[in-house]
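What follows is a short report on a single structure.
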There are 2 protein chains.
Amino acid sequence: MSILFSRQCEYAIKAVVYLAVKKDGERVATNELTRRLNIPYHFVAKILQNLTKKGLLRSAKGPRGGFSLALPANEITLFDIVDAIDGTAFTRSCLLGFPECSGKNPCSVHNAWALQRESIQEMLVGKNVSQLARDMKKPEYQSRRKG
Amino acid sequence: MSILFSRQCEYAIKAVVYLAVKKDGERVATNELTRRLNIPYHFVAKILQNLTKKGLLRSAKGPRGGFSLALPANEITLFDIVDAIDGTAFTRSCLLGFPECSGKNPCSVHNAWALQRESIQEMLVGKNVSQLARDMKKPEYQSRRKG
DNA sequence: AGTATTTCGGAGTCTTTTCTCTGAATATAA
DNA sequence: TTATATTCAGAGAAAAGACTCCGAAATACT
């Protein structure tokens with residue numbers, strides 16, 4: 001099937017936005033996330049671990065431990081999260097997978113697709129999780145992709 | 001990683017465009033395709049078989065057999081190929097995977113992404129393989145995704 | 001100090017996608 | 001009619017992605 005981002009990346013976005021809804025620095029444990037976001041426990045744990053390594057989150061062990069944003073919510077964009085999890089290859093890669101497709105040697109869909117990519121990227125850079133959190137106060141927070 | 005279309009779909013597009021470059025009804029064997037497009041033999045064979053089942057291609061067995069377009073090149077759009085291989089879920093699905101995300105109950109990136117999807121779809125519908133074939137007369141036809 | 005809670009790190013399993021193989025069926029050409 | 005070139009069909013192997021498990025380390029609370 002294949003859609004723009006991996007599952008893991010979708011989950012990461014949901015989790016970070018969830019953290020952004022909380023007060024600054026408030027810690028949230030994996031347990032709460034798995035319940036509220038409906039993401040498998042061990043999987044979301046791993047994802048948060050990854051985000052921590054990338055410096056987007058801060059973690060604390062022990063009772064009352066958990067995860068919190070490492071930066072102000074308005075300084076974390078969707079793009080940052082996508083970059084941390086999936087990388088940014090999609091901003092460059094040819095739709096048809098030609099390795100040598102580029103501006104000076106474009107494949108036949110290069111230009112059209114290049115515009116699309118650009119505008120997707122702009123959207124991702126333009127949305128920070130503080131905005132998303134605001135929209136999301138009414139959390140119809142549920143899980144999984146349907147179809 | 002995950003990009004908009006599957007590998008199989010990329011390959012399908014390349015193959016169909018390759019056929020469109022040929023004269024009407026000219027048959028091309030799997031062998032030629034695998035060599036020219038650098039796609040694994042048995043894999044491209046399967047893909048062409050799929051496209052045949054979907055009615056986009058015609059096949060002929062035996063010596064001087066092979067595959068050819070089942071329709072005039074200007075009546076096959078990129079969208080048709082994507083539809084045949086990956087399906088069109090991407091035109092509907094929420095970027096974050098919320099199953100109940102929709103126009104009346106949008107997630108926080110719904111509207112932005114809905115516009116993107118729409119414009120991607122328009123591009124796919126707007127490009128037929130005859131146009132692509134024309135662009136591609138200078139075939140820098142090579143293989144695989146790099147990064 | 002001891003216990004409970006929580007993340008960390010690595011390895012392991014399951015599923016889907018990508019890619020391979022093989023044996024048959026069919027058509028062409030000599 | 002025989003040899004050969006080709007697709008067809010389905011099963012199988014390998015790699016990638018999604019998800020699980022477990023033991024260890026850290027911290028807070030009693």
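Chain lettering (A, B, ...) mirrors the order of the structure tokens, residue numbering begins at 1 for each chain separately, and ligand numbering begins at 1 in order of display.
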Which residues of chain B come within 9 Å of chain A, and for each one, what is the closest pair of atoms and their distance in Å to one decimal, counting only C-alpha atoms, sorted by chain and residue number, as CSV?
```
residue,atom,partner,partner_atom,distance
B:Met1,CA,A:Asp86,CA,5.1
B:Ser2,CA,A:Phe5,CA,5.5
B:Ile3,CA,A:Leu4,CA,4.8
B:Leu4,CA,A:Leu4,CA,4.7
B:Phe5,CA,A:Ser2,CA,5.6
B:Ser6,CA,A:Ser2,CA,5.7
B:Arg7,CA,A:Gly97,CA,8.3
B:Cys9,CA,A:Leu96,CA,8.5
B:Glu10,CA,A:Leu96,CA,5.0
B:Tyr11,CA,A:Leu96,CA,7.5
B:Ile13,CA,A:Leu96,CA,7.3
B:Lys14,CA,A:Leu96,CA,7.1
B:Ile85,CA,A:Met1,CA,8.6
B:Asp86,CA,A:Met1,CA,5.2
B:Gly87,CA,A:Met1,CA,7.1
B:Thr88,CA,A:Met1,CA,8.8
B:Ala89,CA,A:Gly147,CA,5.9
B:Phe90,CA,A:Ile3,CA,6.3
B:Arg92,CA,A:Gly147,CA,7.7
B:Ser93,CA,A:Gly147,CA,6.1
B:Cys94,CA,A:Arg145,CA,7.7
B:Leu95,CA,A:Leu4,CA,7.6
B:Leu96,CA,A:Glu10,CA,5.1
B:Gly97,CA,A:Arg145,CA,4.2
B:Phe98,CA,A:Arg145,CA,5.8
B:Pro99,CA,A:Lys146,CA,5.1
B:Glu100,CA,A:Gln142,CA,8.1
B:Cys101,CA,A:Glu140,CA,8.6
B:Asn105,CA,A:Glu140,CA,8.5
B:Cys107,CA,A:Met136,CA,7.5
B:Ser108,CA,A:Leu132,CA,5.7
B:Val109,CA,A:Leu132,CA,7.7
B:Ala112,CA,A:Met123,CA,7.2
B:Trp113,CA,A:Ile120,CA,8.0
B:Gln116,CA,A:Ile120,CA,6.9
B:Ser119,CA,A:Gln116,CA,7.7
B:Ile120,CA,A:Gln116,CA,6.8
B:Met123,CA,A:Ala112,CA,7.2
B:Lys127,CA,A:Val109,CA,8.3
B:Gln131,CA,A:Ser108,CA,8.4
B:Leu132,CA,A:Ser108,CA,5.6
B:Ala133,CA,A:Ser108,CA,8.1
B:Arg134,CA,A:Ser108,CA,8.7
B:Asp135,CA,A:Ser108,CA,5.7
B:Met136,CA,A:Ser108,CA,6.4
B:Pro139,CA,A:Cys107,CA,8.9
B:Glu140,CA,A:Cys107,CA,7.9
B:Tyr141,CA,A:Phe98,CA,7.7
B:Gln142,CA,A:Phe98,CA,6.3
B:Ser143,CA,A:Phe98,CA,5.8
B:Arg144,CA,A:Gly97,CA,5.5
B:Arg145,CA,A:Gly97,CA,4.1
B:Lys146,CA,A:Pro99,CA,5.1
B:Gly147,CA,A:Ala89,CA,5.7
```
Run DSSP on the backbone and tell me which residues of segment 30-119 of chain A come out as strand (DSSP E or B); list them as a PyMOL selection string. chain A and resi 57-60+66-69+77
As a ChimeraX atom specification, please: every residue in chain B that DSSP puts in helix (DSSP H, G or I). /B:7-21,30-37,41-53,73-75,78-85,89-91,110-126,129-135
When the cut-off is 6 Å and we count only C-alpha atoms (C1' of nucleotides), which residues of chain D are near chain B, given as a list in words?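 Listing them in order of chain and number gives DA5, DT6 and DT7 of chain D.
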Residues of chain C within 9 Å of chain A, counting only C-alpha atoms (C1' of nucleotides) - could you list those as a ChimeraX atom specification? /C:4-8
From D:DT1, D:DG23, D:DA18, D:DA9, residue lying nearest DA11 of chain C [only C-alpha atoms (C1' of nucleotides)]: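 Using only C-alpha atoms (C1' of nucleotides), the shortest distance to DA11 of chain C belongs to D:DG23.
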Quick one, how far is atom CA of His110 of chain A from atom CA of Gln121 of chain B?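 For atom CA of His110 of chain A relative to atom CA of Gln121 of chain B, the distance reads 15.3 Å.
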